[in-house]
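A quick write-up on the structure given underneath.
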Amino acid sequence: MRLSQRMDKLPPYLFVEISRKIAEKKAKGEEVISFGIGDPDIPTPPRIINRLCQAAQEPENHRYPETEGLPELRRAIATWYQQRFNVSLDADKEVLPLVGAKEGIVHLALCFIDPGDLALVPDPGYPPYSRGTMLAGGSPYYVPLREENGFLPDLEAIPDDILKQAKLLWLNYPNNPTGAIANLEFFQRVVDWARRYEIAVCHDAAYTEVAFEGYQPPSFMQAEGAKEVGVEFHSLSKGYNMTGWRIGMMVGNAAMVDALSRVKSNLDSGIPQAIQYAAVEALTGPQDSIREQNARYQRRRDLVIDKLKSMGLGVTPPKGGLYIWARVPQGYTSVEFTDDLLEQVGVVVTPGVGYGENGEGYVRLSLTIPDASLVKGLSRLAEWRDRKAGLGKTRAYLT
Ligand SMILES: Cc1ncc(COP(=O)(O)O)c(C=O)c1O
């Protein structure tokens, strides 16, 4: 058996390695508290599950769905964009439902990237932007996101020869992993830049519904001319706690929507219709659950920030997204600090370097951890701090 050369280049997905380390600990009978993956612990709102169960009973939903999704869902997405962002979309030409945003993100590369092409990918960044590029035979060109620039890319610093080979620019705000946000003025500058260099923009807006202190993250599609130059990926995973149902969407430029739809019609056979009806309910029903869960995440955010500060870690409270991006203590790399926390106090955080070399020096903590585990995890972090300060408490909780 001979696997493709492509497989040699494909690194394992970040969380596979972390899951392995957790499993090792658990096999030794140790309890592990994980601030790792960003998978909401809060259940999908009952109204959405009820609609799913109802739709699952209907025989017409047992058959192959259409690639382009149910017209009801495309219309619900367009209406939601109108109400939430004041953005008008043609539900037939500018909206494409996806099997989760990740699916579309990876497959879009097949529409643009030929061997030798580049995609401009944020570093640190969500790994599928680069993985999709690699699977399509191209290469990622990493654009650093630096703290001193508010973790926004400096597009003017990208060399001309790179711009000539680049076909796509990936952006994501509120940002995973840094928690940074972007305003409309930044998006407008991106549109102007993209027009100048004829590079298609893909904004990943998976976290716009998770935000704090009344902040409402904007959509890239609100920038004037955004539809001419690009698309936005969105997801029902985080706003409606539907990671397990696998549903998201791409909206914007009609030619890009058409291209991805053509690729997908050859790849998957659509999204199970019962899940599409659940998504219609999510987008069109009462939206109070979002406010309530954001209040919950905000409380968790504040508790985590206080604890990290007390450990001497540099950290800024994020305005949106599900993550805290903290500087590791002096003398550690991000992997050393992560391993030390797991080894010493059974706490999992994600090493920043897993998101790119500019993530070195940071760790990411996810707020999608049940309150009781969060409290336990925070007391273990305090334990780590005290131990490092030489107070040397016992490790009774690990046994
Ligand atoms: C930036 C970003 N985009 C997209 C996704 C995935 O969304 P979906 O569950 O819709 O595939 C994630 C998941 O963690 C993410 O962090």
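Residue names in the structure tokens use chain letters A, B, ... in the order shown, residue numbers from 1 in each chain, and ligand numbers from 1 in the order shown.
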Nearby residues (only C-alpha atoms) at most 12 Å from stretch 146-152 of chain A, same-chain spacing under 4 positions excluded, as an NGL selection string: :A and (121-125 or 156 or 170-183 or 186-187 or 189-190 or 314-316 or 318 or 325-327 or 356-362)
Output the neighbourhood of ligand 1 as a list of chain:residue names, that is, all protein and nucleic acid residues with some atom at most 6 Å from the ligand, counting only C-alpha atoms and all ligand atoms. A:Gly38, A:Gly100, A:Ala101, A:Lys102, A:Tyr126, A:Asn176, A:Asp204, A:Ala206, A:Ser235, A:Ser237, A:Thr243, A:Ile247, A:Gly248
Could those selected residues go to a file with C-alpha atoms, as a PDB file, in the first residue's frame?
ATOM      1  CA  GLY A  38     -13.661  24.921  22.220  1.00  0.00           C
ATOM      2  CA  GLY A 100     -20.066  22.878   9.560  1.00  0.00           C
ATOM      3  CA  ALA A 101     -17.816  25.824   8.719  1.00  0.00           C
ATOM      4  CA  LYS A 102     -14.689  23.619   8.872  1.00  0.00           C
ATOM      5  CA  TYR A 126      -7.236  27.987  13.212  1.00  0.00           C
ATOM      6  CA  ASN A 176      -9.318  31.895  17.564  1.00  0.00           C
ATOM      7  CA  ASP A 204     -14.325  33.140   9.243  1.00  0.00           C
ATOM      8  CA  ALA A 206     -17.642  31.510  13.607  1.00  0.00           C
ATOM      9  CA  SER A 235     -21.372  28.389  11.965  1.00  0.00           C
ATOM     10  CA  SER A 237     -21.730  25.543  16.432  1.00  0.00           C
ATOM     11  CA  THR A 243     -21.051  21.525  17.314  1.00  0.00           C
ATOM     12  CA  ILE A 247     -24.008  22.823  10.333  1.00  0.00           C
ATOM     13  CA  GLY A 248     -22.651  26.134   9.111  1.00  0.00           C
TER      14      GLY A 248
END
Long-range neighbours of A:Val257 as a VMD selection string, 10 Å cut-off, only C-alpha atoms, 6 positions minimum in chain: chain A and resid 68 92 to 97 108 230 to 231 250 to 251
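Computed from the coordinates, the atom CA of A:Gln82 to atom CA of A:Asn61 distance equals 27.8 Å.
In this comparison, which uses only C-alpha atoms, the residue of A:Pro59, A:Gly69, A:Pro144, A:Gly252 approaching A:Ser265 most closely is A:Gly69.
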Within 7 Å of A:Ala119, counting only C-alpha atoms, which residues show up once you throw out same-chain ones fewer than 4 positions away? Write them as JSON, numbers by chain, please. {"A": [133, 139, 140, 141, 166, 167, 168, 169]}
With DSSP run on the backbone, what are the helix (DSSP H, G or I) residues within stretch 106-213 of chain A? I'd like them as an NGL selection string. :A and (106-112 or 128-135 or 147-149 or 155-157 or 160-165 or 184-197)
Residues near A:Ala295, cut-off 10 Å, only C-alpha atoms, skip fewer than 6 positions along chain, as a VMD selection string: chain A and resid 210 to 214 289 301
Write a file of the selected residues as a short mmCIF file (atom, residue, chain, number, x, y, z; two decimals), in the first residue's frame, keeping C-alpha atoms.
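What follows is the written file part_33.cif:
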data_model
loop_
_atom_site.label_atom_id
_atom_site.label_comp_id
_atom_site.auth_asym_id
_atom_site.auth_seq_id
_atom_site.Cartn_x
_atom_site.Cartn_y
_atom_site.Cartn_z
CA VAL A 210 -20.03 34.98 21.45
CA ALA A 211 -19.23 38.42 22.85
CA PHE A 212 -19.09 40.24 26.13
CA GLU A 213 -20.08 43.50 27.79
CA GLY A 214 -22.69 44.22 25.10
CA SER A 289 -30.33 31.96 24.81
CA ARG A 301 -13.86 34.63 31.52
#
Please determine, counting only C-alpha atoms, which residue among A:Glu281, A:Glu209, A:Asp371, A:Asp258 has the shortest atom-to-atom distance to A:Arg300.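 Among A:Glu281, A:Glu209, A:Asp371, A:Asp258, it is A:Asp371 that comes nearest to A:Arg300.
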Counting only C-alpha atoms, what is within 7 Å of stretch 339-347 of chain A, bar same-chain residues fewer than 6 positions away, as a list in words? Glu31, Val32, Ile33, Ser34, Gly377, Arg380 and Trp384 of chain A
Just checking: using only C-alpha atoms, which residue out of A:Glu58, A:Glu383, A:Asp160, A:Asp8 ends up closest to A:Met134?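 Closest candidate: A:Asp8.
Nearest residue to A:Lys227, choosing from A:Ser269, A:Asp90, A:Leu313, A:Met242 and counting only C-alpha atoms: A:Asp90.
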Tell me, as number ranges by chain, which residues lie within 8 Å of A:Val263, counting only C-alpha atoms; anything in the same chain fewer than 5 positions away does not count. A: 107, 110-111
For those residues, write C-alpha atoms to a file as a short mmCIF file (atom, residue, chain, number, x, y, z; two decimals), in the first residue's frame.
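Here's the written file again-v1.cif:
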data_model
loop_
_atom_site.label_atom_id
_atom_site.label_comp_id
_atom_site.auth_asym_id
_atom_site.auth_seq_id
_atom_site.Cartn_x
_atom_site.Cartn_y
_atom_site.Cartn_z
CA HIS A 107 -13.02 22.45 0.59
CA LEU A 110 -10.04 23.09 -3.90
CA CYS A 111 -11.81 25.89 -5.77
#
Please determine, counting only C-alpha atoms, which residue among A:Lys264, A:Arg299, A:Lys238, A:Arg84 has the shortest atom-to-atom distance to A:Gln216.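 Selected residue with least distance to A:Gln216: A:Arg84.
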As a list of chain:residue names, which residues of stretch 173-316 of chain A does DSSP assign to strand (DSSP E)?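 In stretch 173-316 of chain A, DSSP puts these residues in strand (DSSP E): A:Ala200, A:Val201, A:Cys202, A:His203, A:Asp204, A:Gly230, A:Val231, A:Glu232, A:Phe233, A:His234, A:Ser235, A:Gly248, A:Met249, A:Met250, A:Val251, A:Gly252.
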